[in-house]
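J.: My questions all concern the structure below.
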There are 2 protein chains.
Amino acid sequence: MFKTVGIVGVGLIGGSLSLSIKKKNLAERIFGFDISGKNIDKALSLGIIDEACDLDCISQAELVLISTPVSSIADYVIEVCRKGKAVVLDTGSVKKPIIDKVVEACGRSVNYIPMHPIAGTENFGPEAAFEGLFDGAFCIITPFEGVERSLIELASEFLTSLGMVVKIMDPSLHDEVFGYVSHLPHVIAYTLVNLIFGKPREFRFIGGGFRDYTRVAASSEFMWTDIFLMNKENVVKAIEEYIDELAFIKELIEKDDRTRLIEYLKMARVFKREIDG
Amino acid sequence: MFKTVGIVGVGLIGGSLSLSIKKKNLAERIFGFDISGKNIDKALSLGIIDEACDLDCISQAELVLISTPVSSIADYVIEVCRKGKAVVLDTGSVKKPIIDKVVEACGRSVNYIPMHPIAGTENFGPEAAFEGLFDGAFCIITPFEGVERSLIELASEFLTSLGMVVKIMDPSLHDEVFGYVSHLPHVIAYTLVNLIFGKPREFRFIGGGFRDYTRVAASSEFMWTDIFLMNKENVVKAIEEYIDELAFIKELIEKDDRTRLIEYLKMARVFKREIDG
């Protein structure tokens, strides 16, 4: 499909995308760039990328994927768009602030398609990358006003070829939704783990409920600090509403309101069944 | 080891214990009692118990395991102890209030050993029971003042034969610890699921972080209402401290305090590594 593809940020997401592109024969050659020389060496030795090169060279690829922490995505998109004619996609978990910065710098006719593949693990770095991470996963494209229809179609076709299910969503809505369904759950995991961490040793009995939560708390602190700060408004709103929800159940427990407590817990179980389909 | 064992409550926990006892040949015959006739029929047809019988008959067994919701455990322990000479163990997730009620009714020389096997799934009922649920799991014995040493030894030997790792803990400390590491995580799952449930359909994008949490929200609402209410004091305290923890991270995000946010998230990651050990 593409002669050359460039990957900026060869960690879990960029690396796994590269492996999928190779497996599905969607590029003749894959170039990689990473701010960390160690990551580039690993990505080369693991066969994730074919060649390491600088941003000048990356920008000459037909397609460039930016998979760095969200705080640096906009700068890379802008630089790559200025240096060459590549179609640029990014994989950030926050969309609106990145789009605004890119559009402000490059205008609305920029060759940029913002997207967010809904997949990942708590591990990070090139050694965490694996082919198949995105098989059957949703990938949300969040087009901005003025983006060319043909670019959306090209991106959709590419992502579908990678085995992903493409959805289109407004960028602001995306950031609000993921503030609740992804960023808030990470906040919850980090705070729960740290609450228990502050307790004496006897509290380190890890039952089923707690182990599930600790998984995401092992994610990269740099990546998640970036996400929480970039999506600040939505994350703060989600935390506030979540505190209200906790205060609500606390009141039911304090008041010994068995009937409403049973109803409340049942509602969650029914919803869980519903989303499991 | 035992000629006869009685199981009161043949659901996930009681049923799985019964299957393990059978597999390990620790009883010649297993009697079962359940308030639900449907559960008894299922337990019989699934080969979980050998025979259904009433509490009079159950009480003649050498060993009786009470695996009902926590609100009814004390009454069953008292009734079984009054009707026969069985050694009685229970599997409740809350210990102090049950012990207090039993000791008040039967005195400190009662043949009762309170315990809490740390295993379970979000499924419930006899059809959810499986042999192996307790393999390698911790089982906490929470002896009360005055309990005979020989009873603790008998229980320890039995649980070890079942493949569990026995720990001894003070009942009040147990309830506090599990208020934080098990009951609070369930509160968190239920409230998170219900917060998202109250949002429009677009919010039903389920990424990795959220799916982990919804698992425990599928647990029985009756069982968990009982646990939350019986361990009210500890659960309420845990929720309050957890709200403070959320308010703390919210402030770091609001203030754009990148340095302390990175430190805070890193602390959780390091702790997670430590407990995975």
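How things are named: the first chain in the structure tokens is A, the next is B, and so on; residues count from 1 in each chain; ligands count from 1 in the order shown.
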If you run DSSP on this backbone, which residues of region 161-220 of chain A come out as strand (DSSP E or B), and could you give them as a ChimeraX atom specification?
T.: /A:165-168
J.: Can those selected residues be exported to a file as a PDB file, in the first residue's frame so that it contains N, CA and C atoms?
T.:
```pdb
ATOM      1  N   VAL A 165     -11.279  -1.655  13.656  1.00  0.00           N
ATOM      2  CA  VAL A 165     -12.644  -1.236  13.352  1.00  0.00           C
ATOM      3  C   VAL A 165     -12.703   0.276  13.535  1.00  0.00           C
ATOM      4  N   VAL A 166     -12.925   1.004  12.419  1.00  0.00           N
ATOM      5  CA  VAL A 166     -12.827   2.464  12.462  1.00  0.00           C
ATOM      6  C   VAL A 166     -14.147   3.118  12.884  1.00  0.00           C
ATOM      7  N   LYS A 167     -14.057   4.067  13.804  1.00  0.00           N
ATOM      8  CA  LYS A 167     -15.209   4.882  14.208  1.00  0.00           C
ATOM      9  C   LYS A 167     -14.805   6.344  14.035  1.00  0.00           C
ATOM     10  N   ILE A 168     -15.779   7.165  13.671  1.00  0.00           N
ATOM     11  CA  ILE A 168     -15.522   8.607  13.562  1.00  0.00           C
ATOM     12  C   ILE A 168     -16.165   9.306  14.754  1.00  0.00           C
TER      13      ILE A 168
END
```
J.: Compile the contact shell of Phe33 (chain B) as a PyMOL selection string: residues with an atom at most 10 Å away, counting only C-alpha atoms, same-chain residues fewer than 3 positions apart removed.
T.: chain B and resi 6-10+36-37+39-40+43+49+51-55+57-58+66
J.: Kindly provide, as a PDB file with C-alpha atoms, in the first residue's frame, the residues of chain B having any atom no farther than 6 Å from an atom of chain A, counting only C-alpha atoms.
T.:
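In the end it all went to iface-v2.pdb:
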```
ATOM      1  CA  VAL B 177      -7.504  -4.647  56.014  1.00  0.00           C
ATOM      2  CA  VAL B 181      -8.029  -4.164  49.846  1.00  0.00           C
ATOM      3  CA  SER B 182     -11.267  -5.925  48.895  1.00  0.00           C
ATOM      4  CA  PRO B 185     -12.175  -2.010  45.312  1.00  0.00           C
ATOM      5  CA  TYR B 190     -19.714  -0.450  41.289  1.00  0.00           C
ATOM      6  CA  THR B 191     -19.542   3.352  41.408  1.00  0.00           C
ATOM      7  CA  VAL B 193     -19.723   1.394  36.280  1.00  0.00           C
ATOM      8  CA  ASN B 194     -22.777   3.332  37.470  1.00  0.00           C
ATOM      9  CA  PHE B 203     -19.510   6.743  26.577  1.00  0.00           C
ATOM     10  CA  GLY B 209      -8.618   0.246  31.970  1.00  0.00           C
ATOM     11  CA  PHE B 210     -12.377   0.197  32.267  1.00  0.00           C
ATOM     12  CA  ASP B 212     -10.832  -4.640  34.380  1.00  0.00           C
ATOM     13  CA  ALA B 217     -19.167  -5.166  39.359  1.00  0.00           C
ATOM     14  CA  ALA B 218     -20.844  -8.314  38.020  1.00  0.00           C
ATOM     15  CA  GLU B 221     -25.594  -7.533  44.746  1.00  0.00           C
ATOM     16  CA  THR B 225     -24.724  -5.346  50.164  1.00  0.00           C
ATOM     17  CA  LEU B 229     -23.293  -3.102  55.672  1.00  0.00           C
ATOM     18  CA  GLU B 245      -6.669  10.564  47.784  1.00  0.00           C
ATOM     19  CA  ILE B 253      -3.715  17.977  37.918  1.00  0.00           C
ATOM     20  CA  ILE B 262       5.093  12.062  37.886  1.00  0.00           C
ATOM     21  CA  LEU B 265       2.305   7.888  39.515  1.00  0.00           C
ATOM     22  CA  LYS B 266       5.793   6.437  39.768  1.00  0.00           C
ATOM     23  CA  ALA B 268       2.208   3.451  42.363  1.00  0.00           C
ATOM     24  CA  ARG B 269       4.195   1.700  39.645  1.00  0.00           C
TER      25      ARG B 269
END
```
J.: Mind listing the alpha helix (DSSP H) residues of region 80-245 of chain A, per DSSP on the backbone, as an mmCIF file with N, CA and C atoms, in the first residue's frame?
T.:
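Result saved to out-v7.cif:
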```cif
data_model
loop_
_atom_site.group_PDB
_atom_site.id
_atom_site.type_symbol
_atom_site.label_atom_id
_atom_site.label_comp_id
_atom_site.auth_asym_id
_atom_site.auth_seq_id
_atom_site.Cartn_x
_atom_site.Cartn_y
_atom_site.Cartn_z
ATOM 1 N N VAL A 80 6.925 17.475 10.843
ATOM 2 C CA VAL A 80 6.872 16.530 9.716
ATOM 3 C C VAL A 80 6.073 17.133 8.555
ATOM 4 N N CYS A 81 4.962 17.792 8.877
ATOM 5 C CA CYS A 81 4.131 18.395 7.824
ATOM 6 C C CYS A 81 4.875 19.512 7.092
ATOM 7 N N ARG A 82 5.728 20.221 7.811
ATOM 8 C CA ARG A 82 6.477 21.315 7.189
ATOM 9 C C ARG A 82 7.620 20.811 6.326
ATOM 10 N N LYS A 83 8.189 19.662 6.724
ATOM 11 C CA LYS A 83 9.373 19.158 6.029
ATOM 12 C C LYS A 83 9.046 18.374 4.758
ATOM 13 N N LYS A 96 -8.283 16.996 21.047
ATOM 14 C CA LYS A 96 -8.620 18.390 20.754
ATOM 15 C C LYS A 96 -7.424 19.347 20.893
ATOM 16 N N PRO A 97 -6.669 19.301 21.998
ATOM 17 C CA PRO A 97 -5.550 20.259 22.125
ATOM 18 C C PRO A 97 -4.476 20.052 21.056
ATOM 19 N N ILE A 98 -4.263 18.807 20.654
ATOM 20 C CA ILE A 98 -3.272 18.529 19.604
ATOM 21 C C ILE A 98 -3.741 19.113 18.277
ATOM 22 N N ILE A 99 -5.000 18.851 17.944
ATOM 23 C CA ILE A 99 -5.571 19.373 16.698
ATOM 24 C C ILE A 99 -5.481 20.899 16.655
ATOM 25 N N ASP A 100 -5.875 21.527 17.761
ATOM 26 C CA ASP A 100 -5.880 22.996 17.803
ATOM 27 C C ASP A 100 -4.479 23.554 17.519
ATOM 28 N N LYS A 101 -3.465 22.926 18.123
ATOM 29 C CA LYS A 101 -2.099 23.419 17.960
ATOM 30 C C LYS A 101 -1.613 23.217 16.520
ATOM 31 N N VAL A 102 -1.935 22.060 15.948
ATOM 32 C CA VAL A 102 -1.504 21.757 14.572
ATOM 33 C C VAL A 102 -2.193 22.703 13.583
ATOM 34 N N VAL A 103 -3.502 22.864 13.754
ATOM 35 C CA VAL A 103 -4.265 23.705 12.832
ATOM 36 C C VAL A 103 -3.806 25.165 12.932
ATOM 37 N N GLU A 104 -3.508 25.592 14.153
ATOM 38 C CA GLU A 104 -3.042 26.957 14.344
ATOM 39 C C GLU A 104 -1.715 27.182 13.607
ATOM 40 N N ALA A 105 -0.855 26.167 13.637
ATOM 41 C CA ALA A 105 0.469 26.314 13.016
ATOM 42 C C ALA A 105 0.447 26.075 11.511
ATOM 43 N N CYS A 106 -0.383 25.135 11.060
ATOM 44 C CA CYS A 106 -0.304 24.685 9.655
ATOM 45 C C CYS A 106 -1.564 24.955 8.840
ATOM 46 N N ARG A 149 -11.913 14.918 2.770
ATOM 47 C CA ARG A 149 -12.619 13.633 2.828
ATOM 48 C C ARG A 149 -11.698 12.479 2.377
ATOM 49 N N SER A 150 -10.882 12.753 1.331
ATOM 50 C CA SER A 150 -10.017 11.702 0.788
ATOM 51 C C SER A 150 -8.982 11.238 1.820
ATOM 52 N N LEU A 151 -8.563 12.147 2.696
ATOM 53 C CA LEU A 151 -7.603 11.796 3.752
ATOM 54 C C LEU A 151 -8.248 10.859 4.768
ATOM 55 N N ILE A 152 -9.507 11.167 5.130
ATOM 56 C CA ILE A 152 -10.230 10.302 6.074
ATOM 57 C C ILE A 152 -10.374 8.910 5.474
ATOM 58 N N GLU A 153 -10.693 8.886 4.167
ATOM 59 C CA GLU A 153 -10.873 7.585 3.504
ATOM 60 C C GLU A 153 -9.574 6.792 3.438
ATOM 61 N N LEU A 154 -8.487 7.488 3.135
ATOM 62 C CA LEU A 154 -7.190 6.817 3.094
ATOM 63 C C LEU A 154 -6.841 6.240 4.461
ATOM 64 N N ALA A 155 -7.040 7.042 5.500
ATOM 65 C CA ALA A 155 -6.730 6.576 6.859
ATOM 66 C C ALA A 155 -7.622 5.393 7.241
ATOM 67 N N SER A 156 -8.917 5.480 6.920
ATOM 68 C CA SER A 156 -9.857 4.406 7.248
ATOM 69 C C SER A 156 -9.447 3.105 6.583
ATOM 70 N N GLU A 157 -9.083 3.226 5.305
ATOM 71 C CA GLU A 157 -8.708 2.032 4.555
ATOM 72 C C GLU A 157 -7.454 1.392 5.165
ATOM 73 N N PHE A 158 -6.479 2.240 5.489
ATOM 74 C CA PHE A 158 -5.232 1.772 6.096
ATOM 75 C C PHE A 158 -5.504 1.061 7.425
ATOM 76 N N LEU A 159 -6.310 1.681 8.281
ATOM 77 C CA LEU A 159 -6.581 1.117 9.610
ATOM 78 C C LEU A 159 -7.394 -0.168 9.505
ATOM 79 N N THR A 160 -8.327 -0.200 8.553
ATOM 80 C CA THR A 160 -9.112 -1.418 8.335
ATOM 81 C C THR A 160 -8.203 -2.545 7.858
ATOM 82 N N SER A 161 -7.256 -2.213 6.973
ATOM 83 C CA SER A 161 -6.288 -3.221 6.510
ATOM 84 C C SER A 161 -5.454 -3.759 7.673
ATOM 85 N N PRO A 171 -13.707 15.515 17.976
ATOM 86 C CA PRO A 171 -12.551 15.542 18.874
ATOM 87 C C PRO A 171 -12.883 15.915 20.325
ATOM 88 N N SER A 172 -13.750 16.910 20.526
ATOM 89 C CA SER A 172 -14.083 17.317 21.896
ATOM 90 C C SER A 172 -14.847 16.226 22.625
ATOM 91 N N LEU A 173 -15.775 15.597 21.903
ATOM 92 C CA LEU A 173 -16.535 14.502 22.514
ATOM 93 C C LEU A 173 -15.586 13.357 22.864
ATOM 94 N N HIS A 174 -14.668 13.068 21.938
ATOM 95 C CA HIS A 174 -13.667 12.019 22.212
ATOM 96 C C HIS A 174 -12.949 12.272 23.539
ATOM 97 N N ASP A 175 -12.482 13.500 23.726
ATOM 98 C CA ASP A 175 -11.702 13.808 24.928
ATOM 99 C C ASP A 175 -12.558 13.703 26.188
ATOM 100 N N GLU A 176 -13.835 14.055 26.057
ATOM 101 C CA GLU A 176 -14.726 13.941 27.216
ATOM 102 C C GLU A 176 -14.963 12.457 27.527
ATOM 103 N N VAL A 177 -15.331 11.687 26.500
ATOM 104 C CA VAL A 177 -15.630 10.260 26.691
ATOM 105 C C VAL A 177 -14.426 9.539 27.298
ATOM 106 N N PHE A 178 -13.234 9.774 26.737
ATOM 107 C CA PHE A 178 -12.068 9.035 27.233
ATOM 108 C C PHE A 178 -11.571 9.573 28.578
ATOM 109 N N LEU A 184 -10.056 8.441 33.773
ATOM 110 C CA LEU A 184 -10.547 8.279 35.147
ATOM 111 C C LEU A 184 -10.183 6.898 35.720
ATOM 112 N N PRO A 185 -10.416 5.799 34.989
ATOM 113 C CA PRO A 185 -9.989 4.496 35.536
ATOM 114 C C PRO A 185 -8.496 4.439 35.866
ATOM 115 N N HIS A 186 -7.674 5.141 35.118
ATOM 116 C CA HIS A 186 -6.247 5.170 35.468
ATOM 117 C C HIS A 186 -6.017 5.981 36.745
ATOM 118 N N VAL A 187 -6.705 7.113 36.869
ATOM 119 C CA VAL A 187 -6.627 7.888 38.108
ATOM 120 C C VAL A 187 -7.029 7.004 39.292
ATOM 121 N N ILE A 188 -8.105 6.255 39.117
ATOM 122 C CA ILE A 188 -8.626 5.386 40.180
ATOM 123 C C ILE A 188 -7.586 4.339 40.571
ATOM 124 N N ALA A 189 -6.949 3.725 39.595
ATOM 125 C CA ALA A 189 -5.951 2.693 39.881
ATOM 126 C C ALA A 189 -4.767 3.280 40.638
ATOM 127 N N TYR A 190 -4.253 4.405 40.157
ATOM 128 C CA TYR A 190 -3.098 5.023 40.806
ATOM 129 C C TYR A 190 -3.419 5.415 42.255
ATOM 130 N N THR A 191 -4.579 6.022 42.466
ATOM 131 C CA THR A 191 -4.915 6.487 43.817
ATOM 132 C C THR A 191 -5.177 5.310 44.751
ATOM 133 N N LEU A 192 -5.819 4.264 44.263
ATOM 134 C CA LEU A 192 -6.089 3.102 45.120
ATOM 135 C C LEU A 192 -4.776 2.447 45.539
ATOM 136 N N VAL A 193 -3.890 2.258 44.575
ATOM 137 C CA VAL A 193 -2.603 1.636 44.886
ATOM 138 C C VAL A 193 -1.833 2.489 45.902
ATOM 139 N N ASN A 194 -1.840 3.788 45.717
ATOM 140 C CA ASN A 194 -1.095 4.642 46.647
ATOM 141 C C ASN A 194 -1.746 4.721 48.030
ATOM 142 N N LEU A 195 -3.075 4.623 48.084
ATOM 143 C CA LEU A 195 -3.751 4.590 49.390
ATOM 144 C C LEU A 195 -3.295 3.353 50.177
ATOM 145 N N ILE A 196 -3.287 2.203 49.522
ATOM 146 C CA ILE A 196 -2.891 0.948 50.187
ATOM 147 C C ILE A 196 -1.394 0.986 50.529
ATOM 148 N N PHE A 197 -0.611 1.593 49.636
ATOM 149 C CA PHE A 197 0.838 1.709 49.827
ATOM 150 C C PHE A 197 1.165 2.479 51.105
ATOM 151 N N GLY A 208 -8.674 -10.738 44.628
ATOM 152 C CA GLY A 208 -9.036 -10.580 43.227
ATOM 153 C C GLY A 208 -9.346 -9.138 42.854
ATOM 154 N N GLY A 209 -10.186 -8.485 43.637
ATOM 155 C CA GLY A 209 -10.613 -7.133 43.309
ATOM 156 C C GLY A 209 -9.447 -6.180 43.143
ATOM 157 N N PHE A 210 -8.513 -6.233 44.073
ATOM 158 C CA PHE A 210 -7.418 -5.273 44.065
ATOM 159 C C PHE A 210 -6.425 -5.543 42.936
ATOM 160 N N ARG A 211 -6.152 -6.810 42.641
ATOM 161 C CA ARG A 211 -5.135 -7.127 41.641
ATOM 162 C C ARG A 211 -5.483 -6.540 40.265
ATOM 163 N N ASP A 212 -6.769 -6.615 39.909
ATOM 164 C CA ASP A 212 -7.220 -6.064 38.632
ATOM 165 C C ASP A 212 -6.819 -4.600 38.482
ATOM 166 N N TYR A 213 -6.935 -3.865 39.588
ATOM 167 C CA TYR A 213 -6.717 -2.423 39.544
ATOM 168 C C TYR A 213 -5.256 -2.078 39.445
ATOM 169 N N THR A 214 -4.433 -2.909 40.066
ATOM 170 C CA THR A 214 -3.026 -2.559 40.109
ATOM 171 C C THR A 214 -2.400 -2.679 38.728
ATOM 172 N N ARG A 215 -3.025 -3.462 37.847
ATOM 173 C CA ARG A 215 -2.439 -3.671 36.525
ATOM 174 C C ARG A 215 -2.142 -2.345 35.827
ATOM 175 N N VAL A 216 -3.148 -1.510 35.667
ATOM 176 C CA VAL A 216 -2.923 -0.266 34.928
ATOM 177 C C VAL A 216 -2.033 0.719 35.685
ATOM 178 N N GLU A 221 4.577 6.498 34.030
ATOM 179 C CA GLU A 221 4.158 7.719 34.740
ATOM 180 C C GLU A 221 4.294 8.960 33.857
ATOM 181 N N PHE A 222 5.218 8.925 32.902
ATOM 182 C CA PHE A 222 5.409 10.089 32.030
ATOM 183 C C PHE A 222 4.254 10.205 31.036
ATOM 184 N N MET A 223 3.918 9.069 30.447
ATOM 185 C CA MET A 223 2.817 9.044 29.494
ATOM 186 C C MET A 223 1.514 9.506 30.151
ATOM 187 N N TRP A 224 1.244 9.014 31.354
ATOM 188 C CA TRP A 224 -0.045 9.328 31.986
ATOM 189 C C TRP A 224 -0.082 10.716 32.602
ATOM 190 N N THR A 225 1.055 11.208 33.073
ATOM 191 C CA THR A 225 1.087 12.600 33.539
ATOM 192 C C THR A 225 0.715 13.512 32.373
ATOM 193 N N ASP A 226 1.316 13.248 31.226
ATOM 194 C CA ASP A 226 1.008 14.008 30.009
ATOM 195 C C ASP A 226 -0.477 13.980 29.671
ATOM 196 N N ILE A 227 -1.058 12.796 29.724
ATOM 197 C CA ILE A 227 -2.479 12.650 29.360
ATOM 198 C C ILE A 227 -3.373 13.394 30.354
ATOM 199 N N PHE A 228 -3.119 13.183 31.662
ATOM 200 C CA PHE A 228 -3.949 13.848 32.678
ATOM 201 C C PHE A 228 -3.875 15.370 32.529
ATOM 202 N N LEU A 229 -2.670 15.888 32.273
ATOM 203 C CA LEU A 229 -2.521 17.353 32.186
ATOM 204 C C LEU A 229 -3.103 17.897 30.887
ATOM 205 N N MET A 230 -2.930 17.157 29.790
ATOM 206 C CA MET A 230 -3.448 17.658 28.527
ATOM 207 C C MET A 230 -4.977 17.596 28.476
ATOM 208 N N LYS A 232 -6.871 17.929 31.115
ATOM 209 C CA LYS A 232 -7.163 18.385 32.472
ATOM 210 C C LYS A 232 -8.640 18.657 32.752
ATOM 211 N N GLU A 233 -9.255 19.445 31.889
ATOM 212 C CA GLU A 233 -10.623 19.875 32.155
ATOM 213 C C GLU A 233 -11.565 18.680 32.293
ATOM 214 N N ASN A 234 -11.458 17.732 31.348
ATOM 215 C CA ASN A 234 -12.334 16.560 31.392
ATOM 216 C C ASN A 234 -11.983 15.615 32.537
ATOM 217 N N VAL A 235 -10.699 15.447 32.785
ATOM 218 C CA VAL A 235 -10.279 14.527 33.853
ATOM 219 C C VAL A 235 -10.724 15.068 35.212
ATOM 220 N N VAL A 236 -10.563 16.370 35.419
ATOM 221 C CA VAL A 236 -10.980 16.975 36.692
ATOM 222 C C VAL A 236 -12.495 16.842 36.875
ATOM 223 N N LYS A 237 -13.246 17.090 35.799
ATOM 224 C CA LYS A 237 -14.706 16.953 35.881
ATOM 225 C C LYS A 237 -15.087 15.502 36.211
ATOM 226 N N ALA A 238 -14.409 14.560 35.561
ATOM 227 C CA ALA A 238 -14.704 13.140 35.803
ATOM 228 C C ALA A 238 -14.391 12.764 37.250
ATOM 229 N N ILE A 239 -13.253 13.245 37.780
ATOM 230 C CA ILE A 239 -12.904 12.930 39.180
ATOM 231 C C ILE A 239 -13.960 13.514 40.117
ATOM 232 N N GLU A 240 -14.387 14.746 39.837
ATOM 233 C CA GLU A 240 -15.386 15.383 40.706
ATOM 234 C C GLU A 240 -16.707 14.605 40.715
ATOM 235 N N GLU A 241 -17.156 14.211 39.520
ATOM 236 C CA GLU A 241 -18.405 13.440 39.458
ATOM 237 C C GLU A 241 -18.239 12.076 40.125
ATOM 238 N N TYR A 242 -17.043 11.530 40.001
ATOM 239 C CA TYR A 242 -16.799 10.224 40.601
ATOM 240 C C TYR A 242 -16.788 10.315 42.138
ATOM 241 N N ILE A 243 -16.236 11.402 42.649
ATOM 242 C CA ILE A 243 -16.270 11.626 44.109
ATOM 243 C C ILE A 243 -17.730 11.723 44.584
ATOM 244 N N ASP A 244 -18.578 12.390 43.790
ATOM 245 C CA ASP A 244 -20.004 12.477 44.151
ATOM 246 C C ASP A 244 -20.639 11.087 44.197
ATOM 247 N N GLU A 245 -20.262 10.251 43.236
ATOM 248 C CA GLU A 245 -20.803 8.890 43.164
ATOM 249 C C GLU A 245 -20.371 8.093 44.406
#
```
